[in-house]
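Data block for protein04.txt (compact mmCIF, C-alpha atoms and all ligand atoms):
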```txt
# COMPACT_ATOMS: atom_id res chain seq x y z
CA MET A 1 -50.18 97.91 -50.69
CA ALA A 2 -52.21 95.00 -49.34
CA VAL A 3 -50.48 92.21 -47.48
CA LYS A 4 -50.11 89.08 -49.53
CA SER A 5 -52.71 87.13 -47.58
CA ASP A 6 -55.31 89.67 -48.72
CA ILE A 7 -54.40 89.35 -52.37
CA VAL A 8 -56.57 86.97 -54.37
CA ILE A 9 -55.19 85.59 -57.62
CA GLY A 10 -57.97 84.46 -59.97
CA VAL A 11 -56.50 81.70 -62.11
CA ASP A 12 -58.12 80.35 -65.25
CA LEU A 13 -57.68 76.63 -65.95
CA ASP A 14 -58.01 75.90 -69.67
CA GLY A 15 -55.04 77.31 -71.56
CA VAL A 16 -53.40 78.57 -68.35
CA CYS A 17 -52.96 75.60 -65.99
CA ALA A 18 -54.09 72.84 -68.35
CA ASP A 19 -52.91 72.41 -71.93
CA PHE A 20 -56.36 72.74 -73.47
CA TYR A 21 -55.23 73.24 -77.06
CA GLY A 22 -52.68 70.42 -76.98
CA ARG A 23 -55.26 67.89 -75.78
CA MET A 24 -58.00 69.25 -78.04
CA ARG A 25 -55.67 68.78 -81.01
CA GLU A 26 -55.32 65.08 -80.21
CA ILE A 27 -59.06 64.69 -79.76
CA ALA A 28 -59.87 66.73 -82.88
CA ALA A 29 -57.58 64.51 -84.97
CA GLU A 30 -59.58 61.54 -83.77
CA TRP A 31 -62.93 63.30 -84.27
CA PHE A 32 -62.10 64.43 -87.81
CA GLU A 33 -60.25 61.16 -88.55
CA ARG A 34 -57.25 63.10 -89.77
CA PRO A 35 -53.55 62.75 -88.94
CA ILE A 36 -52.65 65.00 -86.04
CA ASP A 37 -49.91 66.65 -88.09
CA ASP A 38 -52.63 67.99 -90.42
CA LEU A 39 -53.90 70.12 -87.55
CA SER A 40 -51.83 73.22 -86.90
CA ALA A 41 -50.63 73.81 -83.36
CA GLU A 42 -50.99 77.55 -84.08
CA VAL A 43 -54.71 78.02 -83.58
CA SER A 44 -56.89 81.02 -82.97
CA TYR A 45 -59.86 81.16 -80.63
CA GLY A 46 -62.65 79.08 -82.24
CA LEU A 47 -60.24 76.65 -83.98
CA SER A 48 -61.02 77.72 -87.56
CA GLU A 49 -57.54 76.46 -88.60
CA TRP A 50 -58.78 72.91 -88.03
CA GLY A 51 -61.90 73.45 -90.13
CA ILE A 52 -64.28 74.35 -87.32
CA LYS A 53 -66.92 76.38 -89.17
CA ASP A 54 -69.04 77.99 -86.52
CA HIS A 55 -70.17 77.94 -82.91
CA ALA A 56 -72.35 74.85 -83.33
CA HIS A 57 -69.49 72.94 -84.96
CA TYR A 58 -67.17 73.95 -82.11
CA ASP A 59 -69.75 72.90 -79.53
CA SER A 60 -70.07 69.50 -81.17
CA LEU A 61 -66.32 68.83 -80.97
CA HIS A 62 -66.12 70.24 -77.48
CA ARG A 63 -69.00 68.09 -76.30
CA PHE A 64 -67.31 64.98 -77.73
CA ALA A 65 -64.06 65.93 -76.01
CA VAL A 66 -65.64 66.53 -72.62
CA THR A 67 -68.20 63.72 -72.53
CA GLN A 68 -66.38 60.99 -74.48
CA ARG A 69 -62.67 61.69 -73.98
CA GLU A 70 -62.69 63.11 -70.45
CA LEU A 71 -61.11 66.34 -71.59
CA PHE A 72 -61.13 67.91 -68.14
CA SER A 73 -59.20 65.09 -66.51
CA SER A 74 -56.92 64.13 -69.41
CA MET A 75 -55.10 67.38 -70.23
CA GLU A 76 -51.41 67.77 -69.56
CA MET A 77 -50.45 70.40 -67.00
CA ILE A 78 -48.80 73.49 -68.44
CA PRO A 79 -45.22 73.39 -67.13
CA GLY A 80 -44.61 75.57 -64.08
CA ALA A 81 -48.25 75.79 -62.96
CA ARG A 82 -47.72 73.54 -59.95
CA LYS A 83 -44.34 74.95 -58.98
CA TYR A 84 -45.24 78.63 -59.19
CA LEU A 85 -48.77 78.39 -57.81
CA ARG A 86 -47.37 76.52 -54.83
CA LEU A 87 -44.70 79.19 -54.41
CA LEU A 88 -47.31 81.96 -54.52
CA SER A 89 -49.59 80.04 -52.15
CA ASP A 90 -46.71 79.47 -49.71
CA GLU A 91 -45.96 83.19 -49.80
CA GLY A 92 -49.53 83.85 -48.66
CA TYR A 93 -51.40 84.72 -51.84
CA ARG A 94 -54.88 83.25 -52.06
CA ILE A 95 -55.31 81.09 -55.15
CA ARG A 96 -58.82 81.14 -56.54
CA ILE A 97 -59.41 78.91 -59.55
CA ILE A 98 -62.05 80.40 -61.86
CA THR A 99 -63.30 78.32 -64.76
CA HIS A 100 -66.26 78.36 -67.11
CA ARG A 101 -66.72 74.62 -67.50
CA LEU A 102 -70.39 74.11 -66.64
CA PHE A 103 -71.60 74.82 -70.16
CA ILE A 104 -73.03 71.37 -70.92
CA HIS A 105 -76.41 71.00 -69.25
CA TYR A 106 -76.93 67.97 -67.02
CA PHE A 107 -73.24 67.11 -67.17
CA HIS A 108 -72.19 69.20 -64.20
CA ALA A 109 -71.38 66.42 -61.73
CA THR A 110 -68.94 64.83 -64.16
CA ALA A 111 -67.40 68.17 -65.15
CA VAL A 112 -66.81 69.10 -61.51
CA GLU A 113 -65.49 65.63 -60.63
CA GLN A 114 -63.05 65.60 -63.55
CA THR A 115 -61.87 69.10 -62.62
CA VAL A 116 -61.32 68.39 -58.93
CA ASN A 117 -59.55 65.10 -59.71
CA TRP A 118 -57.29 66.85 -62.18
CA LEU A 119 -56.41 69.61 -59.72
CA ASP A 120 -55.65 67.11 -56.94
CA SER A 121 -53.66 64.70 -59.08
CA HIS A 122 -51.51 67.52 -60.46
CA GLY A 123 -50.89 69.01 -57.03
CA ILE A 124 -52.31 72.42 -57.87
CA PRO A 125 -52.87 74.37 -54.63
CA TYR A 126 -56.03 76.44 -54.33
CA TRP A 127 -58.36 77.86 -51.71
CA ASP A 128 -61.44 78.40 -53.80
CA LEU A 129 -62.86 76.84 -56.92
CA CYS A 130 -65.39 78.89 -58.86
CA PHE A 131 -67.35 77.68 -61.86
CA MET A 132 -68.26 81.02 -63.37
CA LYS A 133 -68.82 82.53 -66.77
CA GLU A 134 -68.61 86.15 -65.59
CA LYS A 135 -65.13 86.12 -64.13
CA SER A 136 -65.17 89.73 -62.97
CA GLN A 137 -67.98 88.85 -60.55
CA VAL A 138 -65.63 86.57 -58.66
CA GLY A 139 -63.71 89.52 -57.26
CA ALA A 140 -60.04 88.64 -57.59
CA ASP A 141 -57.28 91.26 -57.37
CA ILE A 142 -55.12 89.75 -60.09
CA TYR A 143 -56.38 87.60 -62.94
CA VAL A 144 -54.39 85.12 -65.04
CA GLU A 145 -56.34 84.38 -68.20
CA ASP A 146 -55.75 83.34 -71.82
CA SER A 147 -59.06 84.00 -73.58
CA PRO A 148 -58.84 87.28 -75.55
CA ASP A 149 -62.49 88.21 -74.85
CA ASN A 150 -62.19 87.54 -71.13
CA ILE A 151 -58.95 89.53 -70.88
CA GLU A 152 -60.50 92.51 -72.64
CA GLN A 153 -63.62 92.40 -70.49
CA LEU A 154 -61.61 92.21 -67.25
CA ARG A 155 -59.24 95.00 -68.31
CA ASP A 156 -62.18 97.18 -69.38
CA LYS A 157 -63.34 96.98 -65.76
CA GLY A 158 -59.91 98.17 -64.59
CA LEU A 159 -58.87 94.78 -63.25
CA PHE A 160 -55.21 93.79 -63.41
CA THR A 161 -55.19 90.87 -65.84
CA ILE A 162 -52.12 88.95 -66.94
CA CYS A 163 -52.48 87.49 -70.41
CA PHE A 164 -51.09 83.97 -70.37
CA GLY A 165 -49.58 83.69 -73.82
CA ASN A 166 -50.65 81.14 -76.40
CA SER A 167 -51.45 81.19 -80.12
CA THR A 168 -54.98 82.50 -79.51
CA ASN A 169 -53.91 85.76 -77.90
CA ARG A 170 -50.76 87.02 -79.64
CA HIS A 171 -52.53 90.33 -80.35
CA ILE A 172 -53.21 91.06 -76.68
CA VAL A 173 -50.94 93.71 -75.18
CA GLU A 174 -49.03 93.63 -71.88
CA PRO A 175 -49.05 92.62 -69.13
CA ARG A 176 -48.30 89.26 -70.74
CA ALA A 177 -46.60 86.12 -69.47
CA GLU A 178 -45.16 83.49 -71.79
CA SER A 179 -44.51 81.09 -68.91
CA TRP A 180 -45.49 80.50 -65.31
CA GLU A 181 -42.16 81.94 -64.19
CA GLU A 182 -43.17 85.20 -65.88
CA VAL A 183 -46.57 85.07 -64.13
CA TYR A 184 -44.73 84.78 -60.83
CA ILE A 185 -42.53 87.80 -61.62
CA LEU A 186 -45.53 89.93 -62.68
CA VAL A 187 -47.55 88.97 -59.60
CA SER A 188 -44.59 89.68 -57.31
CA SER A 189 -44.10 93.15 -58.78
CA TRP A 190 -47.79 94.08 -58.84
CA ASN A 191 -48.28 97.49 -57.24
CA GLY A 192 -51.89 97.11 -56.17
CA THR A 193 -53.57 98.90 -59.05
CA GLY A 194 -55.43 97.87 -62.16
CA ARG A 195 -52.45 98.79 -64.29
CA GLN A 196 -48.76 98.39 -63.75
MG MG B 1 -58.84 79.72 -70.67
```

Could you quickly redo this structure as structure tokens?
Ligand SMILES: [Mg+2]
Amino acid sequence: MAVKSDIVIGVDLDGVCADFYGRMREIAAEWFERPIDDLSAEVSYGLSEWGIKDHAHYDSLHRFAVTQRELFSSMEMIPGARKYLRLLSDEGYRIRIITHRLFIHYFHATAVEQTVNWLDSHGIPYWDLCFMKEKSQVGADIYVEDSPDNIEQLRDKGLFTICFGNSTNRHIVEPRAESWEEVYILVSSWNGTGRQ
């Protein structure tokens, strides 16, 4: 088994470190001009429960959230992210943040600035910061991810991928973590292969 300093943990941000769906719910309530309690907290990927009809509709809300409500710098941290990432980093693991946030053309400087400010102000330790759509190309040993499609793609390539549990991925099988403490336990017991 590799020594810890050789092990790279690829950590997703939205839905894993940052409470993407909690903040989007607040912003969506404003965008739709509806009471927040009308919007279920139990959403699936694509937010159809809130009345998002298709990809273009989703993009419109997402664009509003990012460009007008500073989504990337205004999300709450998911509890435990700071504590357990620091613990893993102190133990020698290499934390590599991997996020697909550069999807709005000509808005990259702001997206990167909001992201870096958020990471610093929440005390999230990391060595590398990758803005990537194809996460498998980053080359981490362990991935922590919440998007069902991304998890399936990474696992199809034989990569050890921990599903960080939320309402969008209840159908995804183990390895799963419902908290950062559970991520820590899974990472610590990883045996160096694609599967446990
Ligand atoms: Mg995510």

Which residues of chain A come within 6 Å of ligand MG 1 (chain B), and what is each one's closest atom pair and distance in Å (one decimal), counting only C-alpha atoms and all ligand atoms, sorted by chain and residue number, as a Markdown table?
```
| residue | atom | partner | partner_atom | distance |
| --- | --- | --- | --- | --- |
| A:Asp12 | CA | B:MG1 | MG | 5.5 |
| A:Leu13 | CA | B:MG1 | MG | 5.8 |
| A:Asp14 | CA | B:MG1 | MG | 4.0 |
| A:Gly15 | CA | B:MG1 | MG | 4.6 |
| A:Glu145 | CA | B:MG1 | MG | 5.8 |
| A:Asp146 | CA | B:MG1 | MG | 4.9 |
| A:Ser147 | CA | B:MG1 | MG | 5.2 |
```

Using C-alpha atoms, can you write the selected residues to a file as a CSV table (one decimal), keeping the file's coordinate frame?
```
chain,number,residue,atom,x,y,z
A,12,ASP,CA,-58.1,80.4,-65.2
A,13,LEU,CA,-57.7,76.6,-66.0
A,14,ASP,CA,-58.0,75.9,-69.7
A,15,GLY,CA,-55.0,77.3,-71.6
A,145,GLU,CA,-56.3,84.4,-68.2
A,146,ASP,CA,-55.8,83.3,-71.8
A,147,SER,CA,-59.1,84.0,-73.6
```

For the contact check between segment 104-163 of chain A and segment 176-187 of chain A, emit one row per residue of segment 104-163 of chain A within 8 Å, containing the shortest atom pair and the distance in Å rounded to one decimal, counting only C-alpha atoms, chain then rising number order, as a tab-separated table.
```
residue	atom	partner	partner_atom	distance
A:Ile142	CA	A:Val187	CA	7.6
A:Val144	CA	A:Val183	CA	7.9
A:Ile162	CA	A:Arg176	CA	5.4
A:Cys163	CA	A:Arg176	CA	4.6
```

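Atom CA of Pro148 of chain A sits 14.2 Å away from atom CA of Phe160 of chain A.
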
Neighbouring residues of Ser74 of chain A were defined as those with any atom within 9 Å, considering all atoms listed in the file; residues of the same chain fewer than 4 positions away were excluded. Please report them as a short mmCIF file (atom, residue, chain, number, x, y, z; two decimals) with C-alpha atoms, keeping the file's coordinate frame.
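Printed below is part-v3.cif as written:
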```cif
data_model
loop_
_atom_site.label_atom_id
_atom_site.label_comp_id
_atom_site.auth_asym_id
_atom_site.auth_seq_id
_atom_site.Cartn_x
_atom_site.Cartn_y
_atom_site.Cartn_z
CA ARG A 23 -55.26 67.89 -75.78
CA ARG A 69 -62.67 61.69 -73.98
CA GLU A 70 -62.69 63.11 -70.45
CA GLN A 114 -63.05 65.60 -63.55
CA TRP A 118 -57.29 66.85 -62.18
#
```

Next item on the list: Could you check which of A:Ser48, A:Ser60, A:Gln137, A:Thr193 is closest to Gly158 of chain A, using all atoms listed in the file?
Entry: A:Thr193

Note to self: Report as a list in words all protein, DNA and RNA residues lying within 12 Å of Val138 of chain A, evaluated on only C-alpha atoms, omitting residues in the same chain fewer than 2 positions from it.
What the structure shows: Val8, Ile9, Gly10, Val11, Asp12, Arg96, Ile97, Ile98, Thr99, His100, Asp128, Leu129, Cys130, Phe131, Met132, Lys133, Glu134, Lys135, Ser136, Ala140, Asp141, Ile142, Tyr143, Leu154 and Leu159 of chain A

Write a file of the selected residues as a PDB file, in the coordinates of the input, keeping C-alpha atoms.
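So result.pdb came out as:
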```pdb
ATOM      1  CA  VAL A   8     -56.570  86.970 -54.370  1.00  0.00           C
ATOM      2  CA  ILE A   9     -55.190  85.590 -57.620  1.00  0.00           C
ATOM      3  CA  GLY A  10     -57.970  84.460 -59.970  1.00  0.00           C
ATOM      4  CA  VAL A  11     -56.500  81.700 -62.110  1.00  0.00           C
ATOM      5  CA  ASP A  12     -58.120  80.350 -65.250  1.00  0.00           C
ATOM      6  CA  ARG A  96     -58.820  81.140 -56.540  1.00  0.00           C
ATOM      7  CA  ILE A  97     -59.410  78.910 -59.550  1.00  0.00           C
ATOM      8  CA  ILE A  98     -62.050  80.400 -61.860  1.00  0.00           C
ATOM      9  CA  THR A  99     -63.300  78.320 -64.760  1.00  0.00           C
ATOM     10  CA  HIS A 100     -66.260  78.360 -67.110  1.00  0.00           C
ATOM     11  CA  ASP A 128     -61.440  78.400 -53.800  1.00  0.00           C
ATOM     12  CA  LEU A 129     -62.860  76.840 -56.920  1.00  0.00           C
ATOM     13  CA  CYS A 130     -65.390  78.890 -58.860  1.00  0.00           C
ATOM     14  CA  PHE A 131     -67.350  77.680 -61.860  1.00  0.00           C
ATOM     15  CA  MET A 132     -68.260  81.020 -63.370  1.00  0.00           C
ATOM     16  CA  LYS A 133     -68.820  82.530 -66.770  1.00  0.00           C
ATOM     17  CA  GLU A 134     -68.610  86.150 -65.590  1.00  0.00           C
ATOM     18  CA  LYS A 135     -65.130  86.120 -64.130  1.00  0.00           C
ATOM     19  CA  SER A 136     -65.170  89.730 -62.970  1.00  0.00           C
ATOM     20  CA  ALA A 140     -60.040  88.640 -57.590  1.00  0.00           C
ATOM     21  CA  ASP A 141     -57.280  91.260 -57.370  1.00  0.00           C
ATOM     22  CA  ILE A 142     -55.120  89.750 -60.090  1.00  0.00           C
ATOM     23  CA  TYR A 143     -56.380  87.600 -62.940  1.00  0.00           C
ATOM     24  CA  LEU A 154     -61.610  92.210 -67.250  1.00  0.00           C
ATOM     25  CA  LEU A 159     -58.870  94.780 -63.250  1.00  0.00           C
TER      26      LEU A 159
END
```

Check: At a cut-off of 10 Å from (-61.1, 86.5, -76.6) in the coordinates of the file, what residues are picked up using all atoms listed in the file, written as JSON, numbers by chain?
Finding: {"A": [44, 45, 46, 145, 146, 147, 148, 149, 150, 151, 152, 153, 168, 169, 172]}

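In this structure, atom CA of His57 of chain A sits 25.3 Å away from atom CA of Cys17 of chain A.
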
Next item on the list: Please work out which residues fall within 7 Å of (-55.8, 74.6, -79.6), coordinates as given in the file, with only C-alpha atoms counting, and return them as a ChimeraX atom specification.
Entry: /A:20-22,24-25,41,43,47

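Our summary of the geometry notes that atom CA of Ile7 of chain A is positioned 20.7 Å from atom CA of Glu174 of chain A.
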
Item checked: Counting all atoms listed in the file, the option among A:Arg34, A:His62, A:Glu42, A:Ile52 closest to Arg170 of chain A -> A:Glu42

Could the centre and edge lengths of an axis-aligned box, enclosing all atoms of segment 151-164 of chain A in the file with 8 Å extra on each side, be given in Å to one decimal as AutoDock Vina command-line options?
```
--center_x -57.4 --center_y 91.1 --center_z -67.9 --size_x 28.5 --size_y 30.2 --size_z 25.4
```

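The smallest atom-to-atom distance between Val116 of chain A and any of A:Ser73, A:Ala28, A:Leu61, A:Ala81, using only C-alpha atoms, is found for A:Ser73.
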
Using all atoms listed in the file, which protein or nucleic acid residues come within 9 Å of Thr115 of chain A? Drop anything in the same chain fewer than 4 positions from it, and give the result as a PDB file with C-alpha atoms, in the frame of the given file.
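Saved the output as out_35.pdb:
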```
ATOM      1  CA  PHE A  72     -61.130  67.910 -68.140  1.00  0.00           C
ATOM      2  CA  SER A  73     -59.200  65.090 -66.510  1.00  0.00           C
ATOM      3  CA  ARG A 101     -66.720  74.620 -67.500  1.00  0.00           C
ATOM      4  CA  THR A 110     -68.940  64.830 -64.160  1.00  0.00           C
ATOM      5  CA  ALA A 111     -67.400  68.170 -65.150  1.00  0.00           C
ATOM      6  CA  LEU A 119     -56.410  69.610 -59.720  1.00  0.00           C
ATOM      7  CA  ASP A 120     -55.650  67.110 -56.940  1.00  0.00           C
TER       8      ASP A 120
END
```

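Remark: for Gly123 of chain A, the closest of the candidate residues A:Ile104, A:Ala109, A:Met77, A:Leu88 is A:Met77 (distances computed over all atoms listed in the file).
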
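Considering only C-alpha atoms, the residue among A:His108, A:Arg94, A:Arg82, A:His122 positioned nearest to Asp6 of chain A is A:Arg94.
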
Check: For Pro79 of chain A, which of A:Ser167, A:Gly51, A:Ile124, A:Gly192 is the closest residue, counting all atoms listed in the file?
Finding: A:Ile124

Margin query: Which residues are near Gly92 of chain A? Cut-off 12 Å, all atoms listed in the file, ignore same chain within fewer than 6 positions. Put them as a VMD selection string.
Written below: chain A and resid 2 to 9 85 to 86 125 to 127 188

Resulting file, chosen residues, C-alpha atoms, as a PDB file, keeping the file's coordinate frame:
```
ATOM      1  CA  ALA A   2     -52.210  95.000 -49.340  1.00  0.00           C
ATOM      2  CA  VAL A   3     -50.480  92.210 -47.480  1.00  0.00           C
ATOM      3  CA  LYS A   4     -50.110  89.080 -49.530  1.00  0.00           C
ATOM      4  CA  SER A   5     -52.710  87.130 -47.580  1.00  0.00           C
ATOM      5  CA  ASP A   6     -55.310  89.670 -48.720  1.00  0.00           C
ATOM      6  CA  ILE A   7     -54.400  89.350 -52.370  1.00  0.00           C
ATOM      7  CA  VAL A   8     -56.570  86.970 -54.370  1.00  0.00           C
ATOM      8  CA  ILE A   9     -55.190  85.590 -57.620  1.00  0.00           C
ATOM      9  CA  LEU A  85     -48.770  78.390 -57.810  1.00  0.00           C
ATOM     10  CA  ARG A  86     -47.370  76.520 -54.830  1.00  0.00           C
ATOM     11  CA  PRO A 125     -52.870  74.370 -54.630  1.00  0.00           C
ATOM     12  CA  TYR A 126     -56.030  76.440 -54.330  1.00  0.00           C
ATOM     13  CA  TRP A 127     -58.360  77.860 -51.710  1.00  0.00           C
ATOM     14  CA  SER A 188     -44.590  89.680 -57.310  1.00  0.00           C
TER      15      SER A 188
END
```
